[in-house]
$ cat my_file11.cif   # mmCIF, C-alpha atoms and all ligand atoms
data_model
#
loop_
_atom_site.label_atom_id
_atom_site.label_comp_id
_atom_site.auth_asym_id
_atom_site.auth_seq_id
_atom_site.Cartn_x
_atom_site.Cartn_y
_atom_site.Cartn_z
CA VAL A 21 28.99 14.12 16.26
CA ILE A 22 26.50 16.91 15.70
CA TYR A 23 23.13 15.27 16.06
CA LEU A 24 20.38 16.87 13.97
CA ASP A 25 18.13 13.86 13.41
CA TYR A 26 15.51 14.32 16.14
CA ASN A 27 12.69 13.31 13.80
CA ALA A 28 14.28 9.87 13.51
CA THR A 29 14.82 9.63 17.25
CA ALA A 30 15.67 12.15 19.96
CA PRO A 31 18.48 11.65 22.46
CA THR A 32 17.09 10.28 25.72
CA ARG A 33 16.31 13.02 28.24
CA PRO A 34 18.18 12.60 31.54
CA GLU A 35 14.84 12.54 33.40
CA ALA A 36 13.64 9.64 31.22
CA LEU A 37 16.88 7.73 31.63
CA ALA A 38 16.70 8.08 35.43
CA ALA A 39 13.06 6.94 35.44
CA VAL A 40 13.82 3.87 33.30
CA VAL A 41 16.73 2.84 35.51
CA ASP A 42 14.67 3.39 38.65
CA ALA A 43 11.75 1.35 37.28
CA MET A 44 14.09 -1.52 36.38
CA HIS A 45 14.42 -2.05 40.13
CA TYR A 46 10.72 -2.82 40.55
CA VAL A 47 10.26 -6.54 41.00
CA GLY A 48 6.49 -6.80 40.63
CA ASN A 49 4.29 -7.37 37.62
CA ALA A 50 1.93 -4.38 37.39
CA SER A 51 -1.02 -6.79 37.13
CA SER A 52 -0.22 -8.64 40.38
CA ILE A 53 -2.22 -7.78 43.47
CA HIS A 54 0.61 -8.18 45.97
CA LEU A 55 2.54 -5.16 47.22
CA PRO A 56 5.43 -5.28 44.69
CA GLY A 57 2.88 -5.60 41.90
CA GLN A 58 0.91 -2.68 43.23
CA SER A 59 4.06 -0.53 43.43
CA ALA A 60 4.69 -1.22 39.77
CA ALA A 61 1.04 -0.46 38.99
CA GLN A 62 1.34 2.86 40.81
CA ARG A 63 4.42 3.71 38.75
CA VAL A 64 2.37 3.02 35.60
CA ASP A 65 -0.53 5.13 36.90
CA SER A 66 1.74 8.05 37.58
CA ALA A 67 3.28 7.83 34.08
CA ARG A 68 -0.20 7.65 32.59
CA ARG A 69 -1.07 10.85 34.43
CA GLN A 70 2.10 12.54 33.16
CA VAL A 71 1.29 11.67 29.54
CA ALA A 72 -2.33 12.76 30.02
CA GLU A 73 -1.19 16.10 31.48
CA LEU A 74 0.96 16.79 28.42
CA LEU A 75 -2.07 16.24 26.17
CA ASN A 76 -4.72 17.64 28.54
CA CYS A 77 -6.82 14.49 28.51
CA SER A 78 -7.87 11.99 31.12
CA PRO A 79 -5.34 9.29 32.17
CA GLY A 80 -7.99 6.64 31.44
CA GLU A 81 -7.89 7.67 27.78
CA ILE A 82 -4.22 6.62 27.37
CA ILE A 83 -3.34 3.10 26.19
CA PHE A 84 0.34 2.25 26.24
CA THR A 85 1.68 0.52 23.13
CA SER A 86 5.10 -0.41 21.74
CA GLY A 87 5.26 2.86 19.80
CA ALA A 88 3.44 4.90 17.22
CA THR A 89 3.47 2.16 14.58
CA GLU A 90 1.43 -0.05 16.88
CA ALA A 91 -0.74 2.87 18.03
CA ASN A 92 -1.54 3.74 14.40
CA ASN A 93 -2.36 0.11 13.64
CA LEU A 94 -4.57 -0.13 16.71
CA ALA A 95 -6.38 3.09 15.85
CA LEU A 96 -7.01 2.33 12.19
CA ARG A 97 -7.89 -1.31 12.71
CA ALA A 98 -10.37 -0.43 15.47
CA ALA A 99 -11.94 2.65 13.93
CA HIS A 100 -12.16 1.52 10.32
CA SER A 101 -15.41 -0.30 9.74
CA SER A 102 -15.52 -2.60 6.84
CA GLY A 103 -17.75 -1.28 4.10
CA ARG A 104 -17.21 2.37 5.04
CA ARG A 105 -14.55 4.46 3.37
CA LEU A 106 -11.28 5.54 4.89
CA VAL A 107 -9.71 8.90 4.12
CA THR A 108 -6.05 9.68 4.66
CA SER A 109 -3.34 11.56 2.77
CA ASN A 110 -0.57 10.47 0.44
CA VAL A 111 2.13 11.98 2.69
CA GLU A 112 1.39 9.89 5.79
CA HIS A 113 4.03 7.78 7.48
CA PRO A 114 4.05 4.16 6.22
CA ALA A 115 2.61 3.09 9.59
CA VAL A 116 -0.65 4.74 8.50
CA LEU A 117 -0.43 4.39 4.72
CA GLU A 118 0.40 0.69 4.68
CA THR A 119 -2.18 -0.07 7.37
CA ALA A 120 -4.84 1.83 5.42
CA ARG A 121 -3.89 -0.06 2.25
CA ASP A 122 -4.03 -3.37 4.07
CA LEU A 123 -7.44 -2.64 5.60
CA THR A 124 -8.99 -1.69 2.27
CA ALA A 125 -7.12 -4.10 -0.01
CA ASP A 126 -10.20 -6.15 -0.88
CA GLN A 127 -12.58 -3.18 -1.15
CA PRO A 128 -11.64 -1.28 -4.30
CA GLY A 129 -12.42 2.43 -4.04
CA SER A 130 -12.77 2.44 -0.29
CA LEU A 131 -9.44 4.18 0.36
CA ILE A 132 -9.35 7.88 -0.47
CA LEU A 133 -5.87 9.43 -0.49
CA LEU A 134 -5.95 13.21 -0.27
CA GLU A 135 -3.26 15.09 -2.13
CA VAL A 136 -1.10 17.89 -0.81
CA ASP A 137 -0.11 21.13 -2.50
CA ALA A 138 3.42 22.29 -3.28
CA ASP A 139 3.78 23.48 0.33
CA GLY A 140 2.84 20.04 1.66
CA LEU A 141 -0.55 21.19 2.96
CA VAL A 142 -3.47 18.79 2.71
CA ASP A 143 -6.14 20.01 0.36
CA LEU A 144 -9.09 20.74 2.67
CA ALA A 145 -11.40 21.32 -0.29
CA ALA A 146 -10.63 17.77 -1.43
CA LEU A 147 -11.46 16.52 2.07
CA GLU A 148 -14.82 18.34 2.01
CA ASN A 149 -15.44 16.88 -1.41
CA ALA A 150 -14.63 13.33 -0.24
CA LEU A 151 -16.79 13.73 2.85
CA GLY A 152 -19.68 14.96 0.74
CA HIS A 153 -19.64 12.00 -1.59
CA GLY A 154 -19.55 8.85 0.35
CA ASP A 155 -19.94 6.80 3.41
CA ILE A 156 -16.80 7.82 5.30
CA GLY A 157 -16.07 5.98 8.55
CA LEU A 158 -12.65 7.35 9.42
CA VAL A 159 -10.37 10.25 8.55
CA SER A 160 -6.72 9.83 9.54
CA LEU A 161 -4.41 12.79 8.95
CA MET A 162 -1.02 13.34 10.49
CA ALA A 163 -0.55 16.32 12.82
CA ALA A 164 2.97 17.05 11.54
CA ASN A 165 4.89 15.50 8.69
CA ASN A 166 8.04 13.61 9.65
CA GLU A 167 10.00 14.68 6.55
CA THR A 168 9.05 18.33 6.17
CA GLY A 169 7.49 19.21 9.54
CA VAL A 170 4.45 20.62 7.72
CA LEU A 171 1.43 20.83 10.02
CA THR A 172 -2.16 19.84 9.32
CA ASP A 173 -4.80 22.27 10.51
CA LEU A 174 -6.78 19.62 12.34
CA ALA A 175 -9.63 21.72 13.79
CA PRO A 176 -11.50 22.16 10.47
CA VAL A 177 -10.79 18.51 9.61
CA VAL A 178 -12.49 17.41 12.84
CA THR A 179 -15.48 19.70 12.31
CA ALA A 180 -16.01 18.51 8.75
CA ALA A 181 -15.52 14.81 9.56
CA HIS A 182 -17.74 14.81 12.63
CA ALA A 183 -20.46 16.58 10.67
CA VAL A 184 -20.81 13.46 8.50
CA GLY A 185 -20.39 11.01 11.39
CA ALA A 186 -16.78 10.03 10.63
CA LEU A 187 -14.20 9.40 13.34
CA VAL A 188 -10.89 11.29 13.29
CA HIS A 189 -7.48 9.85 14.06
CA THR A 190 -4.25 11.80 13.97
CA ASP A 191 -0.72 10.46 13.92
CA ALA A 192 0.82 13.09 16.19
CA THR A 193 4.15 11.31 16.54
CA GLN A 194 6.15 14.32 15.37
CA MET A 195 3.96 16.91 17.06
CA VAL A 196 3.83 15.63 20.63
CA GLY A 197 6.59 17.24 22.63
CA ARG A 198 7.34 19.77 19.88
CA LEU A 199 4.21 21.94 19.96
CA PRO A 200 1.37 22.13 22.48
CA ILE A 201 -1.59 19.79 22.03
CA ASP A 202 -4.77 20.36 24.01
CA LEU A 203 -7.19 17.47 23.65
CA ALA A 204 -9.86 19.33 25.58
CA ASP A 205 -9.89 21.74 22.67
CA LEU A 206 -8.90 19.58 19.70
CA ASP A 207 -11.72 17.07 19.38
CA VAL A 208 -9.93 14.20 17.62
CA ASP A 209 -11.15 10.74 18.60
CA LEU A 210 -7.79 8.97 18.45
CA LEU A 211 -4.18 10.20 18.59
CA SER A 212 -0.91 8.29 18.32
CA LEU A 213 2.40 9.23 19.93
CA SER A 214 5.85 7.77 20.35
CA ALA A 215 8.15 8.37 23.33
CA HIS A 216 11.45 8.32 21.46
CA LYS A 217 10.59 11.39 19.41
CA PHE A 218 10.56 13.59 22.51
CA GLY A 219 13.31 12.12 24.65
CA GLY A 220 11.69 8.98 26.05
CA PRO A 221 12.86 5.42 25.35
CA GLN A 222 12.43 3.66 22.03
CA GLY A 223 9.80 0.93 21.84
CA ILE A 224 7.11 2.67 23.87
CA GLY A 225 4.25 4.89 22.80
CA ALA A 226 0.59 5.44 23.37
CA LEU A 227 -2.78 5.71 21.74
CA PHE A 228 -5.26 8.26 23.06
CA VAL A 229 -8.81 6.94 22.73
CA ARG A 230 -11.46 9.53 23.55
CA ARG A 231 -13.76 8.11 26.15
CA THR A 232 -16.87 9.71 24.71
CA ALA A 233 -16.23 8.58 21.13
CA SER A 234 -17.77 5.31 20.13
CA ILE A 235 -14.73 3.42 18.94
CA PRO A 236 -15.39 -0.28 18.41
CA PHE A 237 -13.18 -2.27 20.74
CA ARG A 238 -10.82 -4.29 18.54
CA PRO A 239 -7.46 -5.26 20.09
CA GLN A 240 -4.72 -6.54 17.84
CA VAL A 241 -2.80 -8.28 20.58
CA THR A 242 -5.05 -10.52 22.61
CA GLY A 243 -4.14 -12.30 25.81
CA GLY A 244 -4.35 -11.27 29.45
CA GLY A 245 -6.52 -8.22 28.87
CA GLN A 246 -4.08 -5.53 30.05
CA GLU A 247 -4.72 -1.87 29.15
CA ARG A 248 -8.47 -2.41 29.61
CA GLY A 249 -8.34 -5.16 27.02
CA TRP A 250 -6.99 -2.90 24.26
CA ARG A 251 -3.45 -4.25 24.39
CA ALA A 252 -2.61 -7.50 26.09
CA GLY A 253 0.84 -8.29 27.48
CA THR A 254 2.77 -7.61 30.67
CA LEU A 255 3.21 -3.88 30.96
CA ASN A 256 6.63 -2.48 30.05
CA VAL A 257 7.03 -0.64 33.35
CA PRO A 258 10.50 0.85 32.64
CA GLY A 259 9.41 2.06 29.20
CA ILE A 260 6.19 3.47 30.60
CA ALA A 261 8.07 5.22 33.43
CA GLY A 262 10.41 6.65 30.77
CA VAL A 263 7.64 8.03 28.56
CA GLY A 264 5.99 9.55 31.64
CA ALA A 265 9.20 11.26 32.73
CA ALA A 266 9.88 12.55 29.21
CA ALA A 267 6.32 13.87 28.98
CA ALA A 268 6.69 15.65 32.33
CA ALA A 269 10.03 17.19 31.28
CA VAL A 270 8.55 18.40 28.00
CA HIS A 271 5.47 19.74 29.74
CA ARG A 272 7.64 21.92 32.00
CA SER A 273 9.74 23.38 29.19
CA LEU A 274 7.66 23.23 25.99
CA ALA A 275 7.01 26.94 25.43
CA GLU A 276 10.63 27.92 26.03
CA GLU A 277 12.00 24.97 23.99
CA THR A 278 9.70 25.63 21.06
CA ALA A 279 10.79 29.27 20.80
CA ARG A 280 14.49 28.46 21.17
CA ILE A 281 14.43 25.62 18.64
CA GLY A 282 12.51 27.76 16.14
CA ARG A 283 15.22 30.43 16.38
CA LEU A 284 17.93 27.81 15.81
CA ARG A 285 16.11 26.42 12.75
CA ASP A 286 15.89 29.95 11.31
CA LEU A 287 19.59 30.44 12.04
CA LEU A 288 20.40 27.23 10.18
CA GLU A 289 18.40 28.29 7.12
CA HIS A 290 20.01 31.72 7.22
CA ALA A 291 23.51 30.24 7.46
CA VAL A 292 22.77 27.87 4.57
CA SER A 293 21.44 30.73 2.45
CA ALA A 294 24.57 32.75 3.13
CA SER A 295 27.03 30.02 2.18
CA ILE A 296 25.40 27.84 -0.50
CA ASP A 297 24.14 28.90 -3.91
CA GLY A 298 21.21 26.92 -5.18
CA TYR A 299 19.09 25.51 -2.40
CA ARG A 300 15.39 25.33 -1.60
CA VAL A 301 13.59 24.87 1.71
CA ASN A 302 10.65 22.49 1.27
CA GLY A 303 7.25 22.83 2.87
CA HIS A 304 5.13 25.68 4.14
CA ARG A 305 7.36 28.25 5.80
CA VAL A 306 4.95 29.07 8.62
CA ALA A 307 2.76 25.99 9.16
CA ARG A 308 5.59 23.67 10.12
CA LEU A 309 7.28 22.34 13.23
CA PRO A 310 9.84 24.71 14.75
CA GLY A 311 12.71 22.21 14.60
CA VAL A 312 12.55 20.82 11.06
CA SER A 313 14.14 22.00 7.85
CA SER A 314 13.93 19.98 4.65
CA ILE A 315 16.41 21.47 2.19
CA THR A 316 17.05 20.50 -1.43
CA PHE A 317 20.54 21.14 -2.83
CA PRO A 318 20.06 20.51 -6.56
CA GLY A 319 22.97 18.63 -8.12
CA ALA A 320 24.18 17.21 -4.80
CA PRO A 321 22.74 13.75 -4.05
CA ALA A 322 21.92 13.51 -0.34
CA ASP A 323 23.71 10.19 0.20
CA ALA A 324 26.96 11.64 -1.17
CA VAL A 325 26.60 14.84 0.89
CA MET A 326 25.99 12.79 4.05
CA ALA A 327 28.99 10.59 3.30
CA ALA A 328 31.13 13.75 2.96
CA MET A 329 30.15 14.93 6.46
CA PRO A 330 29.88 11.78 8.59
CA HIS A 331 30.13 13.77 11.83
CA VAL A 332 26.83 15.54 11.08
CA ALA A 333 23.87 13.25 11.68
CA VAL A 334 21.02 14.29 9.42
CA SER A 335 18.64 12.32 7.29
CA ASP A 336 18.03 11.98 3.58
CA GLY A 337 14.27 11.84 4.00
CA SER A 338 12.54 9.55 6.42
CA ALA A 339 14.87 7.42 8.51
CA CYS A 340 11.90 5.20 9.32
CA ALA A 341 11.97 4.10 5.71
CA SER A 342 15.73 4.06 5.42
CA GLY A 343 17.15 1.35 3.26
CA ALA A 344 14.35 1.89 0.79
CA PRO A 345 15.97 2.96 -2.47
CA SER A 346 12.87 4.80 -3.73
CA PRO A 347 12.74 8.59 -3.37
CA SER A 348 10.64 10.19 -0.67
CA HIS A 349 6.91 9.76 -1.35
CA VAL A 350 6.32 12.95 0.61
CA LEU A 351 8.53 15.14 -1.59
CA LEU A 352 7.18 13.56 -4.77
CA ALA A 353 3.63 14.23 -3.57
CA MET A 354 4.59 17.91 -3.21
CA GLY A 355 5.53 17.99 -6.88
CA ILE A 356 9.28 17.86 -6.35
CA ASN A 357 10.98 15.91 -9.12
CA ARG A 358 12.73 12.64 -8.44
CA HIS A 359 16.17 14.07 -8.93
CA ASP A 360 15.65 16.94 -6.49
CA ALA A 361 14.00 14.60 -3.99
CA ASP A 362 17.21 12.58 -4.00
CA CYS A 363 19.16 15.78 -3.31
CA THR A 364 17.24 16.64 -0.14
CA LEU A 365 18.48 16.63 3.44
CA ARG A 366 16.29 16.74 6.53
CA PHE A 367 17.73 18.62 9.49
CA SER A 368 15.74 18.06 12.66
CA LEU A 369 16.62 19.89 15.86
CA GLY A 370 15.61 19.35 19.44
CA TYR A 371 16.03 20.09 23.09
CA ALA A 372 19.81 19.58 23.23
CA THR A 373 20.67 21.43 19.99
CA THR A 374 22.89 24.49 20.46
CA GLU A 375 23.84 27.47 18.31
CA ASP A 376 27.32 26.03 18.00
CA HIS A 377 25.89 22.77 16.57
CA ILE A 378 23.95 24.79 14.01
CA MET A 379 26.93 26.85 12.86
CA GLN A 380 29.15 23.78 12.57
CA ALA A 381 26.46 21.83 10.71
CA ALA A 382 25.88 24.72 8.28
CA ASP A 383 29.63 24.98 7.58
CA ALA A 384 29.98 21.23 7.09
CA THR A 385 26.95 21.14 4.79
CA ALA A 386 28.26 24.02 2.65
CA HIS A 387 31.61 22.29 2.33
CA ALA A 388 30.07 18.89 1.54
CA VAL A 389 27.58 20.25 -1.01
CA LYS A 390 30.34 22.14 -2.86
CA LEU A 391 32.56 19.06 -2.83
CA VAL A 392 29.83 16.79 -4.17
CA ARG A 393 28.74 19.27 -6.84
CA ALA A 394 32.36 19.63 -7.99
CA SER A 395 32.80 15.87 -8.21
CA MET A 396 29.51 15.51 -10.12
CA ASP A 397 30.65 18.22 -12.56
CA ALA A 398 33.96 16.42 -12.99
CA CYS A 399 32.10 13.25 -14.00
CA THR A 400 29.98 14.94 -16.68
N1 LIG B 1 4.48 8.13 12.56
C1 LIG B 1 5.36 9.10 12.28
C2 LIG B 1 4.87 10.39 11.72
C3 LIG B 1 6.73 8.90 12.49
O1 LIG B 1 7.60 9.87 12.20
C4 LIG B 1 7.17 7.65 13.01
C5 LIG B 1 8.60 7.37 13.17
O2 LIG B 1 9.45 7.96 12.56
C6 LIG B 1 6.21 6.68 13.30
C7 LIG B 1 4.88 6.95 13.07
C8 LIG B 1 6.60 5.34 13.87
O3 LIG B 1 6.89 5.48 15.24
P1 LIG B 1 7.53 4.30 16.09
O4 LIG B 1 8.99 4.38 15.84
O5 LIG B 1 7.21 4.64 17.51
O6 LIG B 1 6.90 3.04 15.68
#
$ encode --input "my_file11.cif" --output "structure tokens"
Amino acid sequence: VIYLDYNATAPTRPEALAAVVDAMHYVGNASSIHLPGQSAAQRVDSARRQVAELLNCSPGEIIFTSGATEANNLALRAAHSSGRRLVTSNVEHPAVLETARDLTADQPGSLILLEVDADGLVDLAALENALGHGDIGLVSLMAANNETGVLTDLAPVVTAAHAVGALVHTDATQMVGRLPIDLADLDVDLLSLSAHKFGGPQGIGALFVRRTASIPFRPQVTGGGQERGWRAGTLNVPGIAGVGAAAAAVHRSLAEETARIGRLRDLLEHAVSASIDGYRVNGHRVARLPGVSSITFPGAPADAVMAAMPHVAVSDGSACASGAPSPSHVLLAMGINRHDADCTLRFSLGYATTEDHIMQAADATAHAVKLVRASMDACT
């Protein structure tokens, strides 16, 4: 199988696998004060340092969660104050969109959804406009879109939001481990990440909470007060060791990986352009992640194309929302019509992708698209 679905989940890095297996041998609970407990606690501390080093923040600002969905919930539910307005965009992952809708359900008008342009870029003028009009408590904008890879220019968002006293959260699930993030420079108050997008285990993630920001303390999971009270429950030491090891591996190789993966993505788009008539790459061509290509093949429904090339693992939009029959809300928000949205494949590359994978995937896609188009023509 040629695996090009890193935005859904990345293959586990060997370093993360080794760390998880090693941590499974710890017998202590990281909250116990005896020696085995303290060994487990030290393992957690070292993983916390590894994650903090990747983001250039302090280890004390990292709260481990079960993933980015929980981190997004924790961030929005803590930082949104009832009565103040919440700003986000209509291309966010459901973990933000649905949480924002839930939080504001009984306050009509208190949720402002910013639109994106045809390139998938958030309209910063609309943000300025929203900030100028009302009592905004929180702005939550994703760092990189999971379907198109389009990036949000967060620095001006932070400046504008802080100027009116609003907090800023970013869902950086697709950005962490793919492009550098420097939290000493980027002044967001909260940031969510998920280990399995950059080679760590599934079911573990983290929320960065800036120490100097005044975020009201509002845990969702209450109990024994772990993670400084933010997230109760016995710590998942193997998962935490795994995210730490993945973060350390990424930290060592990020610059080289980013450049290599960007070249492979360009090679894929070039190979597609050479072998398939009628295709369109979606999203801004520069402001996007190096490893993502969202391509529409008009007249070739994505589910049929994927069925015609089962050995190539790609996605027909967001795998997180798979099973949902509705077309991608992200592509629709970019002005792509329903029919074309249904004819869109997402290729997402990562650390283990090779040139050979790309050439084989491009060949298989060309073959599958032609086959599907011919069968559609035969039916009409
Ligand atoms: N946010 C974004 C942008 C994502 O792409 C995903 C997963 O695809 C999530 C949040 C949810 O992450 P998790 O699987 O860790 O809950």
$ atom_distance --input "my_file11.cif" --atom1 "CA of Leu211 (chain A)" --atom2 "CA of Pro176 (chain A)"
16.2 Å
$ atom_distance --input "my_file11.cif" --atom1 "CA of Gly370 (chain A)" --atom2 "CA of Ala30 (chain A)"
7.2 Å
$ residues_near_ligand --input "my_file11.cif" --ligand "ligand LIG 1 (chain B)" --cutoff "9 Å" --atoms "all atoms listed in the file" --output "ChimeraX atom specification"
/A:27-29,85-92,112-116,162-167,191-195,212-217,222-226,338-341
$ closest_residue --input "my_file11.cif" --among "A:Ala120, A:Ala183, A:Leu203, A:Leu255" --to "Ala50 (chain A)" --atoms "all atoms listed in the file"
A:Leu255
$ atom_distance --input "my_file11.cif" --atom1 "CA of Ala61 (chain A)" --atom2 "CA of Thr232 (chain A)"
25.1 Å
$ residues_near_point --input "my_file11.cif" --point "(26.3, 26.5, -1.7)" --cutoff "10 Å" --atoms "only C-alpha atoms" --output "PDB file with C-alpha atoms, keeping the file's coordinate frame"
ATOM      1  CA  VAL A 292      22.770  27.870   4.570  1.00  0.00           C
ATOM      2  CA  SER A 293      21.440  30.730   2.450  1.00  0.00           C
ATOM      3  CA  ALA A 294      24.570  32.750   3.130  1.00  0.00           C
ATOM      4  CA  SER A 295      27.030  30.020   2.180  1.00  0.00           C
ATOM      5  CA  ILE A 296      25.400  27.840  -0.500  1.00  0.00           C
ATOM      6  CA  ASP A 297      24.140  28.900  -3.910  1.00  0.00           C
ATOM      7  CA  GLY A 298      21.210  26.920  -5.180  1.00  0.00           C
ATOM      8  CA  TYR A 299      19.090  25.510  -2.400  1.00  0.00           C
ATOM      9  CA  PHE A 317      20.540  21.140  -2.830  1.00  0.00           C
ATOM     10  CA  PRO A 318      20.060  20.510  -6.560  1.00  0.00           C
ATOM     11  CA  ASP A 383      29.630  24.980   7.580  1.00  0.00           C
ATOM     12  CA  THR A 385      26.950  21.140   4.790  1.00  0.00           C
ATOM     13  CA  ALA A 386      28.260  24.020   2.650  1.00  0.00           C
ATOM     14  CA  HIS A 387      31.610  22.290   2.330  1.00  0.00           C
ATOM     15  CA  ALA A 388      30.070  18.890   1.540  1.00  0.00           C
ATOM     16  CA  VAL A 389      27.580  20.250  -1.010  1.00  0.00           C
ATOM     17  CA  LYS A 390      30.340  22.140  -2.860  1.00  0.00           C
ATOM     18  CA  LEU A 391      32.560  19.060  -2.830  1.00  0.00           C
ATOM     19  CA  ARG A 393      28.740  19.270  -6.840  1.00  0.00           C
TER      20      ARG A 393
END
$ closest_residue --input "my_file11.cif" --among "A:Ala322, A:Ala353, A:Ala267, A:Met396" --to "Leu365 (chain A)" --atoms "all atoms listed in the file"
A:Ala322
$ closest_residue --input "my_file11.cif" --among "A:Trp250, A:Arg285, A:Ile378, A:Gly219" --to "Pro31 (chain A)" --atoms "only C-alpha atoms"
A:Gly219
$ residues_around --input "my_file11.cif" --residues "Val208 (chain A)" --least-positions-apart "6" --cutoff "8 Å" --atoms "all atoms listed in the file" --output "PDB file with C-alpha atoms, keeping the file's coordinate frame"
ATOM      1  CA  VAL A 178     -12.490  17.410  12.840  1.00  0.00           C
ATOM      2  CA  LEU A 187     -14.200   9.400  13.340  1.00  0.00           C
ATOM      3  CA  VAL A 188     -10.890  11.290  13.290  1.00  0.00           C
ATOM      4  CA  HIS A 189      -7.480   9.850  14.060  1.00  0.00           C
ATOM      5  CA  THR A 190      -4.250  11.800  13.970  1.00  0.00           C
ATOM      6  CA  ARG A 230     -11.460   9.530  23.550  1.00  0.00           C
TER       7      ARG A 230
END
$ closest_residue --input "my_file11.cif" --among "A:Gly80, A:Asp126, A:Met44, A:Phe218" --to "Val270 (chain A)" --atoms "all atoms listed in the file"
A:Phe218
$ residues_around --input "my_file11.cif" --residues "Ile156 (chain A)" --least-positions-apart "2" --cutoff "7 Å" --atoms "all atoms listed in the file" --output "PyMOL selection string"
chain A and resi 104-106+151+154+158+186
$ residues_around --input "my_file11.cif" --residues "region 331-333 of chain A" --least-positions-apart "5" --cutoff "10 Å" --atoms "all atoms listed in the file" --output "JSON, numbers by chain"
{"A": [21, 22, 23, 24, 25, 26, 326, 366, 367, 368, 377, 380, 381, 382, 384, 385]}
$ closest_residue --input "my_file11.cif" --among "A:Asn93, A:Leu369, A:Tyr46, A:Gly311" --to "Leu199 (chain A)" --atoms "all atoms listed in the file"
A:Gly311
